[in-house]
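Taking it in order: structure first as structure tokens, then the write-up.
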Amino acid sequence: MTESKVQTPIEDFDWDAYANGETAGSKSREELVNTYDESLKTAKDNEVVTGVVKSITKREVRVDIGMKSDAIIPISEFRYNPDLKVGDEVEVFIETLEDKNGQLRLSHKKACQTRSWDRVNQALENDEIIKGYVKSRTKGGMIVDVFGIEAFLPGSQIDVRPIRDYDVFVDKTMEFKVVKINQEYKNVVVSHKALIEAELEAQKREIISKLEKGQVLEGKVKNITPYGVFVDLGGVDGLVHITDLSWGRVSDPREVVELDQDIKVVILDFDNEKKRIALGVKQLLPHPWDALDQNIKVGDHIHGRVVVMADYGAFVEVQPGVEGLIHVSEMSWSQHLRSAQDFLKVGDEVEAVVLTLDREDRKMSLGIKQLKKDPWENIEEKYAIGSRHTAKVRNFTNFGVFVEIEEGVDGLIHISDLSWTKKIKHPSEFTQVGNDIEVQVLEIDKENRRLSLGHKQLEENPWDVFETIFTVGSIHEGTITEVMDKGAVIALEYGVEGFATPKHLVKEDGSQAKLDEKLNFKVIEFNKDSKRIILSHSRIAEDANKTETRAQRPAAKKPRREEEAVAAPAIEKTTLGDLGALKALKEQMQKEERK
């Protein structure tokens, strides 16, 4: 028989509470419930908390976070922690405190991601240096693992030098700085270059503090651009402008240097504040002008190649670094200056004459027209006064036509020397630019290199004949071609024009003659020198009235004179048209009109 053990009763046991169903000792059931509820309120969804590993199987890990029940997490989420054991504390992410099945759902992976994102943001905020693992290449850069997050490393942020082979960085652990985070898309951008730049900045300040103008340094070609070459001077970059690479003209810096080439440079200038350093290469070489043949002088012929063209001239390289300018005015004896491209082009090999040579200022002007004889040297022999030639119309002015007889020989035909008979208001009424025109030399101005020419002088002056036709008092049929305030222009036969004032345009019925009206006109003035004919229509009727009045007087007084007054106009008008000279002149005028 087993001896039973006597249990000692609890001294402070509340039997009344027990009788009433309260078994929690000094604490009421309500207090216990409230305490339990408060413990549940300390955790909430989407929060990272610390839990304790209760058990581990091949597939699952059971974690206790102090809730009603434990949560089961796939062991795959702990693959980065192979030493995990029961009792270890782990961070977990509360996906939900109670799903539809009443279960607590936790995630260790999401907890790691959340902590990693917080860590990355902290690194950006504190400008912290972090480590990352370069996983692979991608378009424009690399993919880097930092705290389990895939960040982007742009190619331009790998190093201060341009990177031509990205593959050498794959599978390497490097230090980075977080430079940008996109919170919405969870994108992270890191930079390794930022670390190097910070180190180089101190080096740059030290290097620049020791620089002096004229100092010769060795450097490595870091980058080549269309405008120059960047050279690494050992932690600080300098620029050799394309014009400072060579004394000769350089169209592309790659003609002179190549990437990673070691070159000597001289410091031309630098800016402490902006960290800009201007370098030169050509300054280390003798200036080509110093090597120019000392025997070259003004008037010598020299050979070269056209290297640059401009509207005003061509630059000719006579030897590397030594150029001369052929101004467009020195390309042709012609006074009609055109673009230099009409005569030369880049690459042309030319022979030229040295016009000026300034070795001190290193300037040279050349000419090619001097290789030909100046046409004005013997102008009096070749284009003597009175000689006839064919010229080309080059330009117009209100007062005449500029023509060129040959290259370098120009002349002017005054508007009054274009035609004997036509009233020309502007030369464009008579000819066109580019047309050929026959001319006669009237005057030679050798000093100003200009000829005075005439066109009408190629034909006889018809006004010598007109003087016998349009005599004062003769009557001719004419057509009014233009009416003005001061009078009207009347077209007469043989292409001649006359002028009548308004008072001489009054018809017999008192009305005024109108445009295009054909009437008889009497010549009341003829001036051969000024080629002017003054006409009157009203004078015909006035003279007829006077004649009639005289006819009514006694016949015994002056019969002979009255007969002459009546008969003279009729005889004059009928006999003029029968002259052989007039017929020939008319044919000549018609032929000229057709031209």
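Order determines the names: the first chain of the structure tokens is A, the second B, and so forth; residues in each chain are numbered 1 upward, and ligands are numbered 1 upward as they are shown.
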
**Request:** Find the residues around A:Leu519 up to 8 Å (only C-alpha atoms counted), leave out those fewer than 6 positions away in its own chain, and share them as an MDAnalysis selection string.
**Result:** chainID A and resid 477:479 537

Written selection (N, CA, C and O atoms) as a tab-separated table (two decimals), in the first residue's frame:
chain	number	residue	atom	x	y	z
A	477	GLU	N	2.50	112.75	-140.11
A	477	GLU	CA	1.48	112.01	-139.35
A	477	GLU	C	2.15	111.35	-138.14
A	477	GLU	O	3.24	110.78	-138.25
A	478	GLY	N	1.50	111.42	-137.00
A	478	GLY	CA	2.05	110.83	-135.78
A	478	GLY	C	0.96	110.28	-134.87
A	478	GLY	O	-0.22	110.63	-135.02
A	479	THR	N	1.36	109.40	-133.95
A	479	THR	CA	0.43	108.78	-133.00
A	479	THR	C	0.85	109.12	-131.58
A	479	THR	O	2.02	109.01	-131.22
A	537	HIS	N	-0.13	120.18	-133.25
A	537	HIS	CA	-1.28	119.84	-134.09
A	537	HIS	C	-2.16	121.08	-134.30
A	537	HIS	O	-2.63	121.33	-135.42

List as a PDB file with N, CA, C and O atoms, in the first residue's frame the protein and nucleic acid residues near A:Glu323, meaning an atom at most 12 Å away when only C-alpha atoms are counted, but skip any in the same chain fewer than 4 places from it.
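Just written: out-v6.pdb:
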ATOM      1  N   TRP A 247      51.302  72.433 -85.565  1.00  0.00           N
ATOM      2  CA  TRP A 247      51.410  73.733 -86.234  1.00  0.00           C
ATOM      3  C   TRP A 247      50.639  73.723 -87.545  1.00  0.00           C
ATOM      4  O   TRP A 247      50.208  74.765 -88.025  1.00  0.00           O
ATOM      5  N   GLY A 248      50.474  72.545 -88.132  1.00  0.00           N
ATOM      6  CA  GLY A 248      49.677  72.427 -89.346  1.00  0.00           C
ATOM      7  C   GLY A 248      48.206  72.313 -89.016  1.00  0.00           C
ATOM      8  O   GLY A 248      47.817  72.171 -87.848  1.00  0.00           O
ATOM      9  N   ARG A 249      47.364  72.380 -90.040  1.00  0.00           N
ATOM     10  CA  ARG A 249      45.918  72.252 -89.831  1.00  0.00           C
ATOM     11  C   ARG A 249      45.558  70.796 -89.582  1.00  0.00           C
ATOM     12  O   ARG A 249      46.014  69.900 -90.298  1.00  0.00           O
ATOM     13  N   PRO A 288      57.154  76.291 -87.502  1.00  0.00           N
ATOM     14  CA  PRO A 288      57.512  76.089 -88.915  1.00  0.00           C
ATOM     15  C   PRO A 288      57.989  77.362 -89.605  1.00  0.00           C
ATOM     16  O   PRO A 288      58.783  77.298 -90.550  1.00  0.00           O
ATOM     17  N   TRP A 289      57.505  78.537 -89.167  1.00  0.00           N
ATOM     18  CA  TRP A 289      57.933  79.779 -89.803  1.00  0.00           C
ATOM     19  C   TRP A 289      59.430  80.009 -89.593  1.00  0.00           C
ATOM     20  O   TRP A 289      60.089  80.653 -90.418  1.00  0.00           O
ATOM     21  N   LEU A 292      61.231  78.368 -92.375  1.00  0.00           N
ATOM     22  CA  LEU A 292      60.939  78.791 -93.742  1.00  0.00           C
ATOM     23  C   LEU A 292      62.193  79.298 -94.422  1.00  0.00           C
ATOM     24  O   LEU A 292      62.983  80.055 -93.833  1.00  0.00           O
ATOM     25  N   ILE A 302      55.867  80.331-105.735  1.00  0.00           N
ATOM     26  CA  ILE A 302      55.887  79.332-104.671  1.00  0.00           C
ATOM     27  C   ILE A 302      54.754  78.338-104.902  1.00  0.00           C
ATOM     28  O   ILE A 302      53.700  78.694-105.446  1.00  0.00           O
ATOM     29  N   HIS A 303      54.993  77.085-104.530  1.00  0.00           N
ATOM     30  CA  HIS A 303      53.982  76.038-104.704  1.00  0.00           C
ATOM     31  C   HIS A 303      53.360  75.681-103.357  1.00  0.00           C
ATOM     32  O   HIS A 303      54.017  75.762-102.312  1.00  0.00           O
ATOM     33  N   GLY A 304      52.089  75.274-103.399  1.00  0.00           N
ATOM     34  CA  GLY A 304      51.405  74.874-102.175  1.00  0.00           C
ATOM     35  C   GLY A 304      50.115  74.149-102.467  1.00  0.00           C
ATOM     36  O   GLY A 304      49.739  73.932-103.628  1.00  0.00           O
ATOM     37  N   ARG A 305      49.434  73.782-101.379  1.00  0.00           N
ATOM     38  CA  ARG A 305      48.168  73.042-101.491  1.00  0.00           C
ATOM     39  C   ARG A 305      47.075  73.807-100.758  1.00  0.00           C
ATOM     40  O   ARG A 305      47.273  74.264 -99.627  1.00  0.00           O
ATOM     41  N   VAL A 306      45.893  73.931-101.384  1.00  0.00           N
ATOM     42  CA  VAL A 306      44.765  74.625-100.766  1.00  0.00           C
ATOM     43  C   VAL A 306      44.231  73.771 -99.617  1.00  0.00           C
ATOM     44  O   VAL A 306      43.852  72.616 -99.813  1.00  0.00           O
ATOM     45  N   VAL A 307      44.223  74.357 -98.394  1.00  0.00           N
ATOM     46  CA  VAL A 307      43.776  73.600 -97.213  1.00  0.00           C
ATOM     47  C   VAL A 307      42.452  74.105 -96.661  1.00  0.00           C
ATOM     48  O   VAL A 307      41.706  73.347 -96.023  1.00  0.00           O
ATOM     49  N   VAL A 308      42.135  75.380 -96.885  1.00  0.00           N
ATOM     50  CA  VAL A 308      40.878  75.947 -96.388  1.00  0.00           C
ATOM     51  C   VAL A 308      40.345  76.930 -97.419  1.00  0.00           C
ATOM     52  O   VAL A 308      41.102  77.715 -97.997  1.00  0.00           O
ATOM     53  N   ALA A 314      41.448  81.853-100.342  1.00  0.00           N
ATOM     54  CA  ALA A 314      41.888  80.475-100.118  1.00  0.00           C
ATOM     55  C   ALA A 314      43.193  80.490 -99.330  1.00  0.00           C
ATOM     56  O   ALA A 314      44.086  81.295 -99.613  1.00  0.00           O
ATOM     57  N   PHE A 315      43.289  79.596 -98.328  1.00  0.00           N
ATOM     58  CA  PHE A 315      44.521  79.452 -97.563  1.00  0.00           C
ATOM     59  C   PHE A 315      45.330  78.310 -98.169  1.00  0.00           C
ATOM     60  O   PHE A 315      44.839  77.193 -98.312  1.00  0.00           O
ATOM     61  N   VAL A 316      46.585  78.632 -98.506  1.00  0.00           N
ATOM     62  CA  VAL A 316      47.455  77.671 -99.173  1.00  0.00           C
ATOM     63  C   VAL A 316      48.611  77.317 -98.234  1.00  0.00           C
ATOM     64  O   VAL A 316      49.311  78.207 -97.731  1.00  0.00           O
ATOM     65  N   GLU A 317      48.791  76.037 -97.990  1.00  0.00           N
ATOM     66  CA  GLU A 317      49.884  75.559 -97.153  1.00  0.00           C
ATOM     67  C   GLU A 317      51.100  75.343 -98.037  1.00  0.00           C
ATOM     68  O   GLU A 317      51.125  74.460 -98.896  1.00  0.00           O
ATOM     69  N   VAL A 318      52.138  76.160 -97.806  1.00  0.00           N
ATOM     70  CA  VAL A 318      53.351  76.056 -98.616  1.00  0.00           C
ATOM     71  C   VAL A 318      54.334  75.069 -97.999  1.00  0.00           C
ATOM     72  O   VAL A 318      55.215  74.536 -98.689  1.00  0.00           O
ATOM     73  N   GLN A 319      54.211  74.852 -96.679  1.00  0.00           N
ATOM     74  CA  GLN A 319      54.887  73.772 -95.966  1.00  0.00           C
ATOM     75  C   GLN A 319      54.139  73.606 -94.651  1.00  0.00           C
ATOM     76  O   GLN A 319      53.420  74.512 -94.240  1.00  0.00           O
ATOM     77  N   VAL A 354      54.378  85.403-104.471  1.00  0.00           N
ATOM     78  CA  VAL A 354      54.416  86.003-103.143  1.00  0.00           C
ATOM     79  C   VAL A 354      54.214  87.513-103.292  1.00  0.00           C
ATOM     80  O   VAL A 354      55.025  88.203-103.912  1.00  0.00           O
ATOM     81  N   LEU A 357      55.224  89.413 -97.455  1.00  0.00           N
ATOM     82  CA  LEU A 357      55.826  88.406 -96.586  1.00  0.00           C
ATOM     83  C   LEU A 357      56.277  89.089 -95.299  1.00  0.00           C
ATOM     84  O   LEU A 357      57.157  89.950 -95.311  1.00  0.00           O
ATOM     85  N   ASP A 358      55.628  88.735 -94.175  1.00  0.00           N
ATOM     86  CA  ASP A 358      55.949  89.302 -92.877  1.00  0.00           C
ATOM     87  C   ASP A 358      56.350  88.153 -91.950  1.00  0.00           C
ATOM     88  O   ASP A 358      55.515  87.483 -91.358  1.00  0.00           O
ATOM     89  N   ARG A 359      57.681  87.951 -91.832  1.00  0.00           N
ATOM     90  CA  ARG A 359      58.166  86.826 -91.029  1.00  0.00           C
ATOM     91  C   ARG A 359      57.929  87.061 -89.540  1.00  0.00           C
ATOM     92  O   ARG A 359      57.711  86.117 -88.778  1.00  0.00           O
ATOM     93  N   ARG A 362      54.377  86.459 -89.090  1.00  0.00           N
ATOM     94  CA  ARG A 362      54.084  85.152 -89.686  1.00  0.00           C
ATOM     95  C   ARG A 362      52.851  85.207 -90.584  1.00  0.00           C
ATOM     96  O   ARG A 362      51.892  84.452 -90.417  1.00  0.00           O
ATOM     97  N   LYS A 363      52.901  86.149 -91.519  1.00  0.00           N
ATOM     98  CA  LYS A 363      51.814  86.304 -92.481  1.00  0.00           C
ATOM     99  C   LYS A 363      52.383  86.388 -93.885  1.00  0.00           C
ATOM    100  O   LYS A 363      53.450  86.965 -94.098  1.00  0.00           O
ATOM    101  N   MET A 364      51.605  85.813 -94.824  1.00  0.00           N
ATOM    102  CA  MET A 364      52.020  85.813 -96.219  1.00  0.00           C
ATOM    103  C   MET A 364      50.778  85.932 -97.099  1.00  0.00           C
ATOM    104  O   MET A 364      49.781  85.252 -96.859  1.00  0.00           O
ATOM    105  N   SER A 365      50.837  86.844 -98.066  1.00  0.00           N
ATOM    106  CA  SER A 365      49.734  86.940 -99.032  1.00  0.00           C
ATOM    107  C   SER A 365      50.265  86.539-100.401  1.00  0.00           C
ATOM    108  O   SER A 365      51.402  86.860-100.771  1.00  0.00           O
ATOM    109  N   LEU A 366      49.412  85.825-101.126  1.00  0.00           N
ATOM    110  CA  LEU A 366      49.790  85.272-102.426  1.00  0.00           C
ATOM    111  C   LEU A 366      48.814  85.720-103.504  1.00  0.00           C
ATOM    112  O   LEU A 366      47.715  86.201-103.206  1.00  0.00           O
TER     113      LEU A 366
END

**Asked** Counting only C-alpha atoms, what is within 6 Å of A:Val265, bar same-chain residues fewer than 6 positions away, as number ranges by chain?
**Response** A: 216-217, 280-281

Written selection (N, CA, C and O atoms) as a JSON list (two decimals), in the first residue's frame:
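Output below, filename selection.json:
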[["chain", "number", "residue", "atom", "x", "y", "z"],
["A", 216, "VAL", "N", 56.42, 71.44, -68.41],
["A", 216, "VAL", "CA", 56.28, 70.30, -69.31],
["A", 216, "VAL", "C", 56.03, 69.05, -68.48],
["A", 216, "VAL", "O", 56.76, 68.76, -67.54],
["A", 217, "LEU", "N", 54.94, 68.32, -68.84],
["A", 217, "LEU", "CA", 54.55, 67.11, -68.11],
["A", 217, "LEU", "C", 54.34, 65.97, -69.08],
["A", 217, "LEU", "O", 54.16, 66.18, -70.29],
["A", 280, "GLY", "N", 49.24, 72.07, -74.40],
["A", 280, "GLY", "CA", 49.67, 72.20, -75.78],
["A", 280, "GLY", "C", 50.71, 71.15, -76.12],
["A", 280, "GLY", "O", 51.49, 70.73, -75.25],
["A", 281, "VAL", "N", 50.70, 70.72, -77.37],
["A", 281, "VAL", "CA", 51.69, 69.77, -77.87],
["A", 281, "VAL", "C", 52.61, 70.45, -78.88],
["A", 281, "VAL", "O", 53.83, 70.31, -78.83]]

**Item:** Selection: 10 Å around stretch 435-445 of chain A, only C-alpha atoms, excl. self and same-chain fewer than 2 positions, as a VMD selection string
**Value:** chain A and resid 379 to 380 383 to 394 403 to 405 411 to 413 417 to 418 431 to 433 447 to 458

What would the file look like if the residues just selected were written as a CSV table (one decimal), in the first residue's frame with N, CA, C and O atoms?
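File written: again-v1.csv
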chain,number,residue,atom,x,y,z
A,379,ILE,N,46.7,98.4,-123.1
A,379,ILE,CA,45.3,98.6,-123.5
A,379,ILE,C,45.1,99.5,-124.7
A,379,ILE,O,44.2,99.3,-125.5
A,380,GLU,N,46.0,100.5,-124.8
A,380,GLU,CA,45.8,101.5,-126.0
A,380,GLU,C,46.0,100.8,-127.3
A,380,GLU,O,45.5,101.2,-128.3
A,383,TYR,N,42.9,97.8,-127.5
A,383,TYR,CA,41.5,98.4,-127.5
A,383,TYR,C,41.6,99.9,-127.8
A,383,TYR,O,41.3,100.7,-127.0
A,384,ALA,N,42.1,100.2,-129.0
A,384,ALA,CA,42.3,101.6,-129.3
A,384,ALA,C,41.0,102.3,-129.5
A,384,ALA,O,39.9,101.7,-129.8
A,385,ILE,N,41.0,103.6,-129.3
A,385,ILE,CA,39.8,104.4,-129.4
A,385,ILE,C,39.3,104.3,-130.9
A,385,ILE,O,40.0,104.4,-131.8
A,386,GLY,N,38.0,104.0,-131.0
A,386,GLY,CA,37.3,103.8,-132.3
A,386,GLY,C,37.3,102.3,-132.7
A,386,GLY,O,36.5,102.0,-133.6
A,387,SER,N,38.0,101.4,-132.0
A,387,SER,CA,38.0,100.0,-132.3
A,387,SER,C,36.7,99.4,-131.9
A,387,SER,O,36.0,99.8,-130.9
A,388,ARG,N,36.3,98.3,-132.6
A,388,ARG,CA,35.0,97.7,-132.3
A,388,ARG,C,35.2,96.3,-131.7
A,388,ARG,O,36.1,95.6,-132.2
A,389,HIS,N,34.4,95.9,-130.8
A,389,HIS,CA,34.6,94.6,-130.1
A,389,HIS,C,33.2,94.0,-129.6
A,389,HIS,O,32.2,94.7,-129.6
A,390,THR,N,33.3,92.8,-129.3
A,390,THR,CA,32.1,92.1,-128.7
A,390,THR,C,32.3,92.0,-127.2
A,390,THR,O,33.3,91.4,-126.8
A,391,ALA,N,31.3,92.4,-126.4
A,391,ALA,CA,31.4,92.4,-124.9
A,391,ALA,C,30.3,91.6,-124.3
A,391,ALA,O,29.3,91.4,-125.0
A,392,LYS,N,30.4,91.3,-123.1
A,392,LYS,CA,29.3,90.6,-122.4
A,392,LYS,C,28.7,91.5,-121.3
A,392,LYS,O,29.5,92.1,-120.5
A,393,VAL,N,27.4,91.6,-121.3
A,393,VAL,CA,26.7,92.4,-120.3
A,393,VAL,C,26.9,91.8,-118.9
A,393,VAL,O,26.5,90.6,-118.7
A,394,ARG,N,27.4,92.6,-117.9
A,394,ARG,CA,27.7,92.1,-116.6
A,394,ARG,C,26.7,92.6,-115.6
A,394,ARG,O,26.3,91.9,-114.6
A,403,VAL,N,29.9,96.3,-119.0
A,403,VAL,CA,30.2,95.1,-119.8
A,403,VAL,C,31.7,94.7,-119.6
A,403,VAL,O,32.5,95.5,-119.1
A,404,GLU,N,32.0,93.5,-120.0
A,404,GLU,CA,33.4,93.0,-119.9
A,404,GLU,C,33.8,92.5,-121.3
A,404,GLU,O,33.1,91.6,-121.8
A,405,ILE,N,34.8,93.1,-121.8
A,405,ILE,CA,35.3,92.7,-123.1
A,405,ILE,C,36.1,91.4,-123.0
A,405,ILE,O,36.0,90.5,-123.9
A,411,GLY,N,34.1,97.9,-119.2
A,411,GLY,CA,33.7,99.2,-119.7
A,411,GLY,C,32.3,99.6,-119.4
A,411,GLY,O,31.5,98.7,-119.0
A,412,LEU,N,31.9,100.8,-119.6
A,412,LEU,CA,30.6,101.3,-119.4
A,412,LEU,C,30.0,101.9,-120.7
A,412,LEU,O,30.6,102.7,-121.3
A,413,ILE,N,28.8,101.4,-121.0
A,413,ILE,CA,28.0,102.0,-122.1
A,413,ILE,C,27.0,102.9,-121.4
A,413,ILE,O,26.1,102.4,-120.8
A,417,ASP,N,24.2,106.3,-125.0
A,417,ASP,CA,25.0,105.7,-126.2
A,417,ASP,C,24.5,104.4,-126.6
A,417,ASP,O,25.2,103.6,-127.3
A,418,LEU,N,23.3,104.0,-126.2
A,418,LEU,CA,22.7,102.7,-126.6
A,418,LEU,C,22.0,102.8,-127.9
A,418,LEU,O,22.1,101.9,-128.8
A,431,THR,N,18.7,95.5,-123.3
A,431,THR,CA,19.5,94.2,-123.3
A,431,THR,C,19.3,93.5,-122.0
A,431,THR,O,18.6,94.0,-121.1
A,432,GLN,N,20.0,92.4,-121.9
A,432,GLN,CA,19.8,91.6,-120.6
A,432,GLN,C,21.2,91.2,-120.1
A,432,GLN,O,22.2,91.0,-120.9
A,433,VAL,N,21.3,91.0,-118.8
A,433,VAL,CA,22.6,90.5,-118.2
A,433,VAL,C,23.0,89.1,-118.8
A,433,VAL,O,22.1,88.2,-118.9
A,447,GLU,N,44.1,104.8,-115.7
A,447,GLU,CA,44.3,104.9,-114.2
A,447,GLU,C,43.3,104.1,-113.4
A,447,GLU,O,43.6,103.4,-112.5
A,448,ASN,N,42.0,104.3,-113.8
A,448,ASN,CA,40.9,103.6,-113.1
A,448,ASN,C,40.5,102.3,-113.8
A,448,ASN,O,39.5,101.7,-113.4
A,449,ARG,N,41.2,101.9,-114.8
A,449,ARG,CA,41.0,100.7,-115.5
A,449,ARG,C,39.5,100.5,-115.9
A,449,ARG,O,38.8,99.6,-115.6
A,450,ARG,N,39.1,101.6,-116.7
A,450,ARG,CA,37.7,101.6,-117.2
A,450,ARG,C,37.7,102.2,-118.6
A,450,ARG,O,38.3,103.2,-118.9
A,451,LEU,N,36.9,101.6,-119.5
A,451,LEU,CA,36.7,102.1,-120.8
A,451,LEU,C,35.3,102.7,-120.9
A,451,LEU,O,34.3,102.2,-120.4
A,452,SER,N,35.2,103.7,-121.7
A,452,SER,CA,33.9,104.3,-122.1
A,452,SER,C,33.6,103.8,-123.4
A,452,SER,O,34.3,103.9,-124.4
A,453,LEU,N,32.4,103.1,-123.5
A,453,LEU,CA,32.0,102.4,-124.8
A,453,LEU,C,30.7,102.9,-125.3
A,453,LEU,O,29.9,103.6,-124.6
A,454,GLY,N,30.5,102.7,-126.5
A,454,GLY,CA,29.2,103.1,-127.2
A,454,GLY,C,28.7,101.9,-128.0
A,454,GLY,O,29.5,101.1,-128.6
A,455,HIS,N,27.4,101.9,-128.2
A,455,HIS,CA,26.8,100.9,-129.0
A,455,HIS,C,26.2,101.6,-130.3
A,455,HIS,O,26.3,101.1,-131.4
A,456,LYS,N,25.5,102.7,-130.1
A,456,LYS,CA,24.9,103.3,-131.2
A,456,LYS,C,25.9,103.9,-132.2
A,456,LYS,O,25.6,104.0,-133.4
A,457,GLN,N,27.2,104.1,-131.8
A,457,GLN,CA,28.2,104.6,-132.7
A,457,GLN,C,28.6,103.6,-133.8
A,457,GLN,O,29.3,104.0,-134.7
A,458,LEU,N,28.1,102.4,-133.6
A,458,LEU,CA,28.4,101.4,-134.7
A,458,LEU,C,27.6,101.7,-136.0
A,458,LEU,O,27.9,101.1,-137.0

**Request:** Excluding A:Val168 and any residue of its chain fewer than 6 positions from it, enumerate the residues within 12 Å of it, using only C-alpha atoms, and give them as a VMD selection string.
**Result:** chain A and resid 134 to 137 142 158

Write out, as a PDB file, in the first residue's frame, the residues just selected, with all heavy atoms.
ATOM      1  N   VAL A 134      29.181  42.272 -57.919  1.00  0.00           N
ATOM      2  CA  VAL A 134      28.835  42.487 -59.325  1.00  0.00           C
ATOM      3  C   VAL A 134      28.377  41.149 -59.901  1.00  0.00           C
ATOM      4  O   VAL A 134      29.188  40.229 -60.088  1.00  0.00           O
ATOM      5  CB  VAL A 134      30.019  43.063 -60.125  1.00  0.00           C
ATOM      6  CG1 VAL A 134      29.604  43.290 -61.573  1.00  0.00           C
ATOM      7  CG2 VAL A 134      30.509  44.361 -59.499  1.00  0.00           C
ATOM      8  N   LYS A 135      27.076  41.044 -60.188  1.00  0.00           N
ATOM      9  CA  LYS A 135      26.500  39.775 -60.633  1.00  0.00           C
ATOM     10  C   LYS A 135      26.667  39.547 -62.138  1.00  0.00           C
ATOM     11  O   LYS A 135      27.053  38.460 -62.566  1.00  0.00           O
ATOM     12  CB  LYS A 135      25.006  39.721 -60.274  1.00  0.00           C
ATOM     13  CG  LYS A 135      24.749  39.729 -58.777  1.00  0.00           C
ATOM     14  CD  LYS A 135      23.253  39.771 -58.481  1.00  0.00           C
ATOM     15  CE  LYS A 135      22.532  38.552 -59.020  1.00  0.00           C
ATOM     16  NZ  LYS A 135      21.099  38.565 -58.647  1.00  0.00           N
ATOM     17  N   SER A 136      26.355  40.590 -62.947  1.00  0.00           N
ATOM     18  CA  SER A 136      26.358  40.374 -64.396  1.00  0.00           C
ATOM     19  C   SER A 136      26.370  41.710 -65.131  1.00  0.00           C
ATOM     20  O   SER A 136      26.212  42.773 -64.533  1.00  0.00           O
ATOM     21  CB  SER A 136      25.109  39.578 -64.806  1.00  0.00           C
ATOM     22  OG  SER A 136      23.941  40.333 -64.483  1.00  0.00           O
ATOM     23  N   ARG A 137      26.559  41.597 -66.440  1.00  0.00           N
ATOM     24  CA  ARG A 137      26.469  42.777 -67.313  1.00  0.00           C
ATOM     25  C   ARG A 137      25.022  43.000 -67.723  1.00  0.00           C
ATOM     26  O   ARG A 137      24.219  42.073 -67.736  1.00  0.00           O
ATOM     27  CB  ARG A 137      27.302  42.586 -68.580  1.00  0.00           C
ATOM     28  CG  ARG A 137      28.786  42.768 -68.411  1.00  0.00           C
ATOM     29  CD  ARG A 137      29.462  42.853 -69.769  1.00  0.00           C
ATOM     30  NE  ARG A 137      28.904  43.949 -70.551  1.00  0.00           N
ATOM     31  CZ  ARG A 137      29.321  44.279 -71.778  1.00  0.00           C
ATOM     32  NH1 ARG A 137      30.281  43.589 -72.341  1.00  0.00           N
ATOM     33  NH2 ARG A 137      28.778  45.277 -72.430  1.00  0.00           N
ATOM     34  N   MET A 142      26.112  47.483 -65.243  1.00  0.00           N
ATOM     35  CA  MET A 142      26.238  46.224 -64.525  1.00  0.00           C
ATOM     36  C   MET A 142      25.107  46.088 -63.491  1.00  0.00           C
ATOM     37  O   MET A 142      24.521  47.082 -63.064  1.00  0.00           O
ATOM     38  CB  MET A 142      27.588  46.158 -63.770  1.00  0.00           C
ATOM     39  CG  MET A 142      28.792  46.659 -64.539  1.00  0.00           C
ATOM     40  SD  MET A 142      29.296  45.557 -65.867  1.00  0.00           S
ATOM     41  CE  MET A 142      29.983  44.213 -64.942  1.00  0.00           C
ATOM     42  N   ILE A 158      31.424  53.419 -63.303  1.00  0.00           N
ATOM     43  CA  ILE A 158      32.328  52.351 -62.863  1.00  0.00           C
ATOM     44  C   ILE A 158      33.693  52.927 -62.481  1.00  0.00           C
ATOM     45  O   ILE A 158      34.261  52.597 -61.450  1.00  0.00           O
ATOM     46  CB  ILE A 158      32.494  51.289 -63.969  1.00  0.00           C
ATOM     47  CG1 ILE A 158      31.133  50.632 -64.269  1.00  0.00           C
ATOM     48  CG2 ILE A 158      33.506  50.238 -63.566  1.00  0.00           C
ATOM     49  CD1 ILE A 158      31.176  49.641 -65.410  1.00  0.00           C
TER      50      ILE A 158
END

**Prompt:** What does the distance from atom CA of A:Thr468 to atom CA of A:Ala491 come to in Å, to one decimal?
**Reply:** 18.0 Å
